[in-house]
Structures are given as C-alpha cells and as structure tokens.
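S.K.: So I've got this file, final27.cif, and it contains mmCIF, C-alpha atoms:
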```
data_entry
loop_
_atom_site.label_atom_id
_atom_site.label_comp_id
_atom_site.auth_asym_id
_atom_site.auth_seq_id
_atom_site.Cartn_x
_atom_site.Cartn_y
_atom_site.Cartn_z
CA MET A 22 300.44 71.38 25.19
CA ALA A 23 300.34 67.91 26.77
CA HIS A 24 298.66 65.22 24.71
CA LYS A 25 298.16 61.59 25.43
CA VAL A 26 300.65 59.68 23.32
CA VAL A 27 299.69 56.42 21.69
CA LYS A 28 302.07 54.01 20.02
CA PRO A 29 301.17 53.23 16.41
CA GLU A 30 301.12 49.44 16.97
CA THR A 31 298.55 49.79 19.76
CA LYS A 32 296.31 51.91 17.59
CA LEU A 33 296.56 49.48 14.71
CA ALA A 34 295.67 46.59 16.96
CA ILE A 35 292.52 48.39 18.09
CA PHE A 36 291.72 49.51 14.60
CA GLN A 37 292.27 46.41 12.43
CA PRO A 38 289.32 44.16 13.43
CA GLY A 39 286.64 46.62 12.34
CA ALA A 40 288.35 47.54 9.10
CA LEU A 41 287.22 45.90 5.88
CA GLU A 42 289.03 46.17 2.56
CA PRO A 43 287.07 48.72 0.50
CA ASN A 44 285.37 47.47 -2.64
CA LEU A 45 286.53 49.48 -5.67
CA ALA A 46 283.57 48.54 -7.91
CA ARG A 47 281.08 49.75 -5.32
CA LEU A 48 283.14 52.87 -4.66
CA VAL A 49 283.02 53.88 -8.31
CA GLN A 50 279.23 53.74 -8.18
CA GLY A 51 279.34 56.26 -5.33
CA ASP A 52 278.20 53.71 -2.72
CA ARG A 53 278.31 55.49 0.66
CA GLU A 54 278.73 52.27 2.61
CA ALA A 55 281.80 51.33 0.58
CA PHE A 56 283.08 54.86 1.07
CA ALA A 57 282.64 54.53 4.84
CA GLN A 58 284.71 51.36 4.67
CA LEU A 59 287.37 53.25 2.75
CA VAL A 60 287.45 55.95 5.43
CA LEU A 61 287.67 53.42 8.26
CA PHE A 62 290.37 51.46 6.46
CA TYR A 63 292.73 54.33 5.65
CA ASN A 64 291.97 57.21 8.02
CA GLU A 65 294.40 56.11 10.73
CA SER A 66 297.40 55.73 8.43
CA LEU A 67 296.57 59.00 6.64
CA TYR A 68 296.28 60.78 9.98
CA ARG A 69 299.59 59.36 11.19
CA TRP A 70 301.39 60.53 8.03
CA VAL A 71 299.80 63.97 7.89
CA ALA A 72 300.23 64.53 11.64
CA ARG A 73 303.90 63.73 11.34
CA LEU A 74 304.24 66.09 8.35
CA THR A 75 302.31 69.03 9.80
CA GLY A 76 303.41 68.54 13.39
CA ASN A 77 299.94 69.60 14.49
CA SER A 78 296.99 67.38 15.35
CA HIS A 79 294.30 69.99 14.55
CA ALA A 80 295.73 70.66 11.11
CA ALA A 81 296.15 66.93 10.51
CA GLU A 82 292.53 66.28 11.45
CA ASP A 83 291.31 68.95 9.03
CA LEU A 84 293.56 67.71 6.25
CA VAL A 85 292.42 64.10 6.66
CA GLN A 86 288.78 65.14 6.52
CA ASP A 87 289.45 67.34 3.47
CA THR A 88 291.22 64.43 1.81
CA PHE A 89 288.20 62.15 2.14
CA VAL A 90 285.74 64.84 1.03
CA ARG A 91 287.87 65.48 -2.07
CA ALA A 92 288.23 61.75 -2.62
CA TYR A 93 284.47 61.29 -2.58
CA GLN A 94 284.03 64.07 -5.12
CA ALA A 95 286.43 62.31 -7.49
CA ILE A 96 285.44 58.74 -6.70
CA THR A 97 283.40 58.09 -9.83
CA ARG A 98 286.48 58.79 -11.93
CA LEU A 99 288.41 55.89 -10.36
CA ARG A 100 289.68 53.22 -12.75
CA PRO A 101 289.66 49.47 -11.99
CA ASP A 102 293.46 49.42 -11.77
CA THR A 103 293.67 52.38 -9.37
CA ASN A 104 295.87 51.88 -6.35
CA LEU A 105 293.48 53.19 -3.70
CA LYS A 106 296.08 53.74 -1.03
CA ALA A 107 298.45 55.65 -3.29
CA TRP A 108 295.51 57.64 -4.73
CA LEU A 109 294.34 58.70 -1.26
CA PHE A 110 297.83 59.62 -0.16
CA ARG A 111 298.19 61.70 -3.31
CA ILE A 112 295.05 63.67 -2.46
CA ALA A 113 296.35 64.10 1.09
CA HIS A 114 299.71 65.23 -0.24
CA ASN A 115 298.05 67.86 -2.44
CA ALA A 116 296.01 69.07 0.53
CA TYR A 117 299.16 69.21 2.60
CA ALA A 118 301.00 71.17 -0.10
CA ASN A 119 298.17 73.74 -0.11
CA TRP A 120 298.32 73.92 3.66
CA VAL A 121 302.07 74.59 3.57
CA ARG A 122 301.55 77.30 0.93
CA ASN A 123 298.84 79.03 2.98
CA ARG A 124 300.85 78.80 6.16
CA LYS A 125 303.87 80.38 4.48
CA GLY A 126 301.68 83.27 3.35
CA LYS A 127 300.35 83.90 6.84
CA ASN A 128 303.80 83.41 8.34
CA SER A 129 302.31 81.88 11.48
CA LEU A 130 303.91 78.85 13.04
CA LEU A 131 301.62 76.41 14.78
CA PRO A 132 302.92 74.76 17.94
CA ASN A 133 304.32 71.31 17.30
CA ASP A 134 302.22 69.00 19.42
CA VAL A 135 302.95 65.72 17.72
CA LEU A 136 305.63 64.70 20.13
CA ASP A 137 305.68 65.64 23.76
CA SER A 138 308.90 64.78 25.59
CA GLN A 139 307.30 65.58 28.96
CA ALA A 140 304.69 62.87 28.54
CA GLY A 141 305.18 59.33 29.82
CA PRO A 142 306.82 57.81 32.90
CA GLU A 143 310.49 58.08 33.75
CA GLU A 144 311.34 54.63 32.37
CA LEU A 145 310.42 55.94 28.96
CA ALA A 146 312.57 59.03 29.32
CA GLN A 147 315.55 57.60 27.48
CA GLU A 148 313.40 56.18 24.72
CA ASN A 149 311.66 59.54 24.46
CA GLU A 150 315.00 61.31 24.21
CA THR A 151 316.09 59.13 21.28
CA SER A 152 312.72 59.61 19.64
CA GLN A 153 312.90 63.33 20.20
CA LYS A 154 316.35 63.56 18.60
CA LEU A 155 315.12 61.57 15.66
CA GLN A 156 311.98 63.66 15.40
CA GLN A 157 314.02 66.88 15.46
CA ALA A 158 316.26 65.54 12.72
CA ILE A 159 313.21 64.57 10.63
CA ASP A 160 311.62 67.99 11.16
CA LYS A 161 314.70 69.64 9.69
CA LEU A 162 314.40 67.68 6.45
CA PRO A 163 312.93 69.40 3.37
CA GLU A 164 309.18 68.73 3.11
CA GLU A 165 309.42 66.50 0.03
CA TRP A 166 312.16 64.32 1.48
CA LYS A 167 310.29 64.02 4.75
CA ALA A 168 307.05 63.02 3.00
CA ALA A 169 308.85 60.34 0.99
CA LEU A 170 310.81 58.95 3.93
CA LEU A 171 307.71 58.69 6.12
CA LEU A 172 305.80 56.87 3.40
CA ARG A 173 308.66 54.39 3.17
CA THR A 174 309.19 53.86 6.88
CA GLN A 175 305.71 54.28 8.36
CA GLU A 176 303.53 53.02 5.54
CA ASP A 177 306.04 50.57 4.06
CA MET A 178 305.26 51.88 0.59
CA ALA A 179 307.22 50.69 -2.42
CA PHE A 180 308.90 53.37 -4.54
CA ARG A 181 306.40 52.78 -7.33
CA GLU A 182 303.44 53.35 -5.00
CA MET A 183 305.20 56.31 -3.45
CA ALA A 184 305.69 57.88 -6.88
CA ILE A 185 301.89 57.83 -7.40
CA ALA A 186 301.26 59.25 -3.94
CA LEU A 187 303.74 62.08 -4.37
CA GLY A 188 302.90 62.75 -8.00
CA THR A 189 306.42 62.10 -9.20
CA THR A 190 308.53 59.39 -10.85
CA GLU A 191 309.77 56.24 -9.19
CA GLU A 192 313.35 57.43 -9.59
CA THR A 193 312.61 60.77 -7.91
CA ALA A 194 310.88 58.99 -5.03
CA ARG A 195 313.95 56.77 -4.61
CA TRP A 196 316.23 59.81 -4.74
CA ARG A 197 314.20 61.65 -2.07
CA VAL A 198 314.32 58.68 0.28
CA TYR A 199 318.04 58.33 -0.37
CA LYS A 200 318.69 62.01 0.40
CA ALA A 201 316.52 61.89 3.53
CA ARG A 202 318.31 58.80 4.84
CA GLN A 203 321.69 60.32 4.05
CA LYS A 204 320.85 63.57 5.81
CA LEU A 205 319.45 61.79 8.86
CA MET A 206 322.51 59.56 9.13
CA GLU A 207 324.77 62.62 8.96
CA THR A 208 322.74 64.52 11.56
CA LEU A 209 322.47 61.61 13.96
CA GLU A 210 326.18 60.80 13.58
CA VAL A 211 327.07 64.40 14.46
CA LYS A 212 324.77 64.33 17.50
CA ARG A 213 326.28 61.04 18.65
CA GLU A 214 329.79 62.50 18.35
CA ASP A 215 328.71 65.64 20.22
CA ALA A 216 327.30 63.49 23.02
CA ARG A 217 330.69 61.74 23.42
CA MET B 13 332.51 48.64 -5.46
CA ASN B 14 334.23 50.29 -2.52
CA CYS B 15 332.65 50.90 0.91
CA ASN B 16 331.37 54.39 0.01
CA GLN B 17 329.62 53.07 -3.07
CA ILE B 18 328.15 50.19 -1.08
CA ARG B 19 326.79 52.60 1.54
CA GLU B 20 325.23 54.70 -1.15
CA GLN B 21 323.54 51.56 -2.50
CA ILE B 22 322.31 50.77 1.02
CA LEU B 23 320.77 54.23 1.31
CA ARG B 24 319.14 53.83 -2.11
CA ALA B 25 317.66 50.41 -1.36
CA GLU B 26 313.90 49.98 -1.25
CA ASN B 27 314.10 47.22 1.29
CA MET B 28 317.08 46.96 3.65
CA GLY B 29 316.53 43.23 3.96
CA LYS B 30 316.69 42.66 0.19
CA LEU B 31 319.90 44.24 -1.02
CA GLN B 32 321.43 43.64 -4.45
CA LYS B 33 323.57 40.50 -4.63
CA GLU B 34 326.86 42.38 -4.94
CA VAL B 35 325.96 44.76 -2.10
CA ALA B 36 324.77 41.93 0.14
CA GLN B 37 328.03 40.00 -0.45
CA HIS B 38 330.11 43.05 0.44
CA VAL B 39 328.02 43.73 3.56
CA GLN B 40 328.51 40.16 4.72
CA ALA B 41 332.26 40.44 4.32
CA CYS B 42 332.78 44.02 5.62
CA LEU B 43 332.10 44.68 9.29
CA ALA B 44 331.95 48.49 8.95
CA CYS B 45 329.39 48.31 6.14
CA ARG B 46 327.40 45.72 8.06
CA GLU B 47 327.25 48.10 11.02
CA TYR B 48 326.27 50.93 8.71
CA GLN B 49 323.45 48.86 7.24
CA SER B 50 322.16 47.84 10.66
CA THR B 51 322.27 51.47 11.84
CA VAL B 52 320.19 52.58 8.84
CA GLN B 53 317.79 49.69 9.38
CA LYS B 54 317.46 50.50 13.09
CA MET B 55 316.88 54.17 12.33
CA GLU B 56 314.11 53.27 9.87
CA MET B 57 312.46 51.03 12.42
CA GLN B 58 312.58 53.82 15.00
CA ILE B 59 310.99 56.26 12.56
CA GLY B 60 308.24 53.74 11.89
CA GLN B 61 307.59 53.44 15.61
CA LEU B 62 307.69 57.15 16.40
CA GLN B 63 304.76 58.13 18.55
CA VAL B 64 301.95 60.34 17.37
CA THR B 65 299.55 62.14 19.67
CA GLU B 66 296.15 60.58 19.93
CA PRO B 67 293.95 62.06 17.20
CA LEU B 68 291.31 64.60 18.20
CA HIS B 69 288.58 62.23 17.06
CA SER B 70 288.15 58.49 16.88
CA SER B 71 287.80 56.86 13.44
CA HIS B 72 284.03 56.68 13.77
CA ILE B 73 283.61 60.33 14.79
CA ARG B 74 285.90 61.30 11.95
CA LEU B 75 283.72 59.29 9.59
CA LYS B 76 280.60 61.04 10.91
CA ASN B 77 282.23 64.44 10.39
CA ILE B 78 283.19 63.52 6.83
CA GLU B 79 279.71 62.23 6.07
CA GLY B 80 278.25 65.40 7.58
CA ARG B 81 280.40 67.50 5.27
CA LEU B 82 279.40 65.39 2.28
CA ASP B 83 275.71 65.69 3.15
CA ARG B 84 275.99 69.46 3.42
CA ARG B 85 277.48 69.50 -0.06
CA ASN B 86 274.86 67.11 -1.32
CA VAL B 87 272.12 69.66 -0.48
CA PHE B 88 273.04 71.22 -3.77
CA ALA B 89 272.37 67.93 -5.49
CA SER B 90 268.81 67.59 -4.12
CA PRO B 91 266.15 66.82 -6.80
CA LEU B 92 264.59 70.28 -6.40
CA PHE B 93 267.94 72.00 -6.89
CA LYS B 94 268.75 69.74 -9.82
CA PHE B 95 265.43 70.71 -11.42
CA ARG B 96 266.16 74.41 -10.82
CA ARG B 97 269.60 74.02 -12.29
CA PHE B 98 268.11 72.22 -15.27
CA GLU B 99 265.60 75.07 -15.67
CA LYS B 100 268.39 77.61 -15.45
CA GLU B 101 270.42 75.77 -18.06
CA ARG B 102 267.41 75.54 -20.34
CA GLY B 103 266.77 79.25 -19.83
CA ARG B 104 270.36 80.02 -20.75
CA GLN B 105 270.06 77.85 -23.85
CA LYS B 106 266.88 79.65 -24.90
CA LEU B 107 268.52 83.03 -24.34
CA SER B 108 271.54 82.11 -26.43
CA VAL B 109 269.31 80.84 -29.27
CA ALA B 110 267.31 84.10 -29.13
CA VAL B 111 270.48 86.21 -29.20
CA ALA B 112 271.80 84.21 -32.15
CA LEU B 113 268.49 84.62 -33.97
CA VAL B 114 268.40 88.40 -33.39
CA ALA B 115 271.99 88.70 -34.58
CA PHE B 116 271.13 86.71 -37.69
CA LEU B 117 268.10 88.91 -38.39
CA PHE B 118 270.19 92.07 -37.99
CA ALA B 119 272.74 90.67 -40.40
CA VAL B 120 270.09 89.79 -42.96
CA VAL B 121 268.27 93.14 -42.68
CA GLY B 122 271.53 95.03 -42.75
CA GLY B 123 272.62 93.09 -45.80
CA LEU B 124 269.35 93.72 -47.57
CA MET B 125 269.62 97.44 -46.82
CA LEU B 126 273.12 97.55 -48.24
CA ILE B 127 272.40 95.69 -51.48
CA PRO B 128 269.98 98.22 -53.02
CA LYS B 129 272.33 101.13 -52.24
CA ARG B 130 275.17 99.42 -53.99
CA SER B 131 273.04 98.52 -56.97
CA ARG B 132 271.72 102.14 -57.09
CA ASN B 133 275.26 103.47 -57.08
CA TYR B 134 276.18 100.99 -59.79
CA CYS B 135 273.21 102.09 -61.89
CA ARG B 136 274.13 105.79 -61.49
CA ALA B 137 277.72 105.17 -62.44
CA SER B 138 276.85 103.16 -65.52
CA GLY B 139 274.18 105.71 -66.54
CA VAL B 140 271.43 103.14 -66.83
#
```
Write the structure described by the file as structure tokens, please.
M.R.:
Amino acid sequence: MAHKVVKPETKLAIFQPGALEPNLARLVQGDREAFAQLVLFYNESLYRWVARLTGNSHAAEDLVQDTFVRAYQAITRLRPDTNLKAWLFRIAHNAYANWVRNRKGKNSLLPNDVLDSQAGPEELAQENETSQKLQQAIDKLPEEWKAALLLRTQEDMAFREMAIALGTTEETARWRVYKARQKLMETLEVKREDAR
Amino acid sequence: MNCNQIREQILRAENMGKLQKEVAQHVQACLACREYQSTVQKMEMQIGQLQVTEPLHSSHIRLKNIEGRLDRRNVFASPLFKFRRFEKERGRQKLSVAVALVAFLFAVVGGLMLIPKRSRNYCRASGV
C-alpha cells in the first residue's frame, strides 16, 4: 500500500497558524466552539502518536475520532488544574489498549502502512533505510515501552505528564522509557555490527 | 560512578541536554560515554522525525466527522426525548411507590389476620 509520506515538521508548520489554545473554562461548560479548538489543537499530535502505535492509518483515524467523542462526553468533569494534553492522550491510550485487546481476540494482523520504504526519490533512500531500521526496532518493543518512548521523543512529554497519559506513576514512566532506549540501543548496535 | 552506571543514568534521563551534575562531568571527561550520549540523543531525534503517512482526513474533515458523531449522539438529548425520559422516570417512580404501598398493605392485613388467631389460641390454652 503506497501512501504519500509527510514529514512531521511540515505538517506542524501548516497546522500551527490556525490552532488556538483551547479554553478550559469554556470547555467545562460544554462549549462546542471551544471543543472544536481543542480538536484542531491536538488532533495532529494524537494522530501521529496513535498511527505510530497501531501502524495503520485507518485504525489511527478511528481511534483519534473515538478519543475526541469520549473526551466530549467527559468534558464537564474536567477540573481547573487538568492537564488537557495528558488527559487527551490518556483517553487515546485507553482506546488504543481496547483496540489491541480486540485485535488479539480476532487474531488478524492489519498491514503496516505507516512507513513505506518504496516511497520517495532515490536521494532519500539511505535516510529511508535508517528510518526503516529504526521503525522496525521500535515495532519490536513491548506496547507500553513503545507508547512511553514515543510520548517522550515525539511529543516531548515530561515523565510527570507521561504518567498521567499512561495512567501510571512517574517512576514507571521513567522506567519504560529507560527500557525502551536500552533495547533500541542494543538492537541498533547489533544491526550496525552485522552491517560491518 | 563507572561508565556502565553513567550510561544507565543517561538512558534514565528525562532530557539528554540536562544531565545530573555528576553524570555531565563524567560525560565531559570520558570520550566513550560522550559518544554513547550523542548516539542516544541522535536516535531520539530520529524517532521524533520519523515519517508518518498522511492522515486519511485533514484536521477540518476530522473535526466535521467528530461533530457529526456527537450530533448523532445528541439526538438522544433532544428536548422531546428528555421529556419522554423524564416521563419514564416518573412512571417508574410511581410504580415503585405503588409496589411499596401494596407490599405494606399485605403486611398489615397479614399481620391483622395473624393476631386474632394467636390471641384465640392463647384464650383456648388459658381456658378463658
């Protein structure tokens, strides 16, 4: 399946000007305009994270939409000190966990269409190869480690924020990132030695 | 701390650029650990820049889809439906009050029917 590949920076550059910081007070009142702002502000980063986790753009699209529908249903229960980003990522993480559970039951593997090594001109071939190796190494990580590592590297989340998003403690979030980094370093070192 | 411990601290760090003082001093002095740190940092940057396929929908279409789903759910919250639900709840309340009342009446009648029997038996036994 060949998909057009877009670099995250490019997408952010297109996305940022129209995005306004959502207003928590208006959100709590169930204001639809404020909710629309929330969607526009966070949907790209949520999609990026979920797409990387699921490895499938259709599933990611569904999960992002589910996340916002669930968020709207719970929006009146938000507190003034709620970290909106972490809260949304937590809902997305729960939706993703359900998706993984259902997929295991059906035992059907969806094709991974998040990265396509065939796409792009020849000058990008080497870059694609490195990315592909990295992507393969990430795909082999346990789900929880992968989720934590991607929040750290792609979303630049602090461990405290990550703990809220993953529904765990700060120490566990730190440990997951540590294990993921360790495993990736080992895997990539082995691949580098094999290449020599 | 030896090099292995320092590398473990590097892997545990929240921000590669802001390492603990002791770790940062070691990294500055030790070439191998400095290389290790820069490899981890580079790897993290690469992960952050990994490409994702273009989403199926743009942000605005996604927003429309979400709003569409919310509106479909909100049908159930229309004033007419709310009124019906209110009526249903009131009906249920009335039914439960009626059931409780009937149960109470049965208990009272049953009790009244039992009392004379007992007192009759008591009278017979005492020979009054």
S.K.: Which distance in Å separates atom CA of Leu170 of chain A and atom CA of Tyr93 of chain A, to one decimal?
M.R.: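 These two atoms are separated by 27.2 Å.
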S.K.: Give the answer as one residue: which of B:Ala41, B:Ser50, B:Ala25, B:Met55 has the shortest atom-to-atom distance to Leu209 of chain A, using all atoms listed in the file?
M.R.: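 Going through B:Ala41, B:Ser50, B:Ala25, B:Met55 one by one, the smallest distance to Leu209 of chain A is for B:Met55.
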S.K.: Do you have the atom CA of Asn14 of chain B-atom CA of Thr193 of chain A distance handy?
M.R.: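 Between these atoms lies a distance of 24.6 Å.
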S.K.: Give me the segment 41-134 of chain A side of the contact with segment 65-81 of chain B, cut-off 10 Å, one line per residue showing its nearest atom pair and distance in Å at one decimal, counting only C-alpha atoms, sorted by chain and residue number, as a Markdown table.
M.R.:
```
| residue | atom | partner | partner_atom | distance |
| --- | --- | --- | --- | --- |
| A:Arg53 | CA | B:Glu79 | CA | 8.8 |
| A:Phe56 | CA | B:Glu79 | CA | 9.5 |
| A:Ala57 | CA | B:Leu75 | CA | 6.8 |
| A:Gln58 | CA | B:Leu75 | CA | 9.4 |
| A:Leu59 | CA | B:Leu75 | CA | 9.8 |
| A:Val60 | CA | B:Leu75 | CA | 6.5 |
| A:Leu61 | CA | B:Ser71 | CA | 6.2 |
| A:Phe62 | CA | B:Ser71 | CA | 9.2 |
| A:Tyr63 | CA | B:Ser71 | CA | 9.6 |
| A:Asn64 | CA | B:Ser71 | CA | 6.8 |
| A:Glu65 | CA | B:Ser71 | CA | 7.2 |
| A:Tyr68 | CA | B:Pro67 | CA | 7.7 |
| A:Arg69 | CA | B:Pro67 | CA | 8.7 |
| A:Ala72 | CA | B:Thr65 | CA | 8.4 |
| A:Arg73 | CA | B:Thr65 | CA | 9.5 |
| A:Gly76 | CA | B:Thr65 | CA | 9.8 |
| A:Asn77 | CA | B:Thr65 | CA | 9.1 |
| A:Ser78 | CA | B:Pro67 | CA | 6.4 |
| A:His79 | CA | B:Leu68 | CA | 7.2 |
| A:Ala81 | CA | B:Pro67 | CA | 8.6 |
| A:Glu82 | CA | B:Leu68 | CA | 7.1 |
| A:Asp83 | CA | B:Arg74 | CA | 9.8 |
| A:Val85 | CA | B:Arg74 | CA | 8.9 |
| A:Gln86 | CA | B:Ile78 | CA | 5.8 |
| A:Asp87 | CA | B:Ile78 | CA | 8.1 |
| A:Thr88 | CA | B:Ile78 | CA | 9.5 |
| A:Phe89 | CA | B:Ile78 | CA | 7.0 |
| A:Val90 | CA | B:Ile78 | CA | 6.5 |
| A:Tyr93 | CA | B:Ile78 | CA | 9.8 |
| A:Asp134 | CA | B:Thr65 | CA | 7.4 |
```
S.K.: One decimal, Å: what's the distance from atom CA of Arg104 of chain B over to atom CA of Phe116 of chain B, could you say?
M.R.: 18.2 Å
S.K.: Using only C-alpha atoms, which residue out of B:Met125, B:Cys15, B:Leu107, B:Leu23 lies closest to Cys45 of chain B?
M.R.: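 The answer is B:Cys15, which sits nearest to Cys45 of chain B.
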S.K.: Check the smallest atom-to-atom distance from each of B:Gln40, B:Asn27, B:Gln17, B:Gln105 to chain A using only C-alpha atoms, then report the winner.
M.R.: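 Residue with the minimum atom-to-atom distance to chain A: B:Asn27.
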S.K.: Skip Ala113 of chain A itself and residues of its chain fewer than 3 positions away, then list as a ChimeraX atom specification all residues within 9 Å of it, counting all atoms listed in the file.
M.R.: /A:67,71,84-85,87-89,108-110,116-118,186
S.K.: For a quick check of understanding, using all atoms listed in the file, which of A:Arg195, A:Lys161, A:Lys204, A:Arg122 has the smallest distance to chain B?
M.R.: A:Arg195
S.K.: Applying the PyMOL selection byres ((chain B and resi 35) around 12) to the file I just gave you, which residues come out? Please list them as number ranges by chain.
M.R.: B: 13-25, 28-34, 36-42, 45-46, 49
S.K.: Let me have the centre and edge lengths of the axis-aligned box enclosing all listed atoms of segment 27-34 of chain B with 5 Å padding on every side, in Å to one decimal, as JSON.
M.R.:
```
{"center_x": 320.5, "center_y": 43.9, "center_z": -0.5, "size_x": 22.8, "size_y": 16.7, "size_z": 18.9}
```
S.K.: Taking (311.1, 59.7, 10.1) in the coordinates of the supplied file, I want to know which residues reach to within 6 Å of it, counting all atoms listed in the file; could you give the answer as a count of residues only?
M.R.: 3
S.K.: For Asn104 of chain A, which residue among A:Ala169, A:Thr174, A:Ala201, A:Pro43 is the nearest when counting all atoms listed in the file?
M.R.: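 Under the stated criterion, the closest residue is A:Pro43.
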S.K.: Looking at only C-alpha atoms, which of B:Glu26, B:Gly103, B:Leu113, B:Leu124 is the one that sits closest to Glu56 of chain B?
M.R.: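 For Glu56 of chain B, the nearest of the given residues is B:Glu26.
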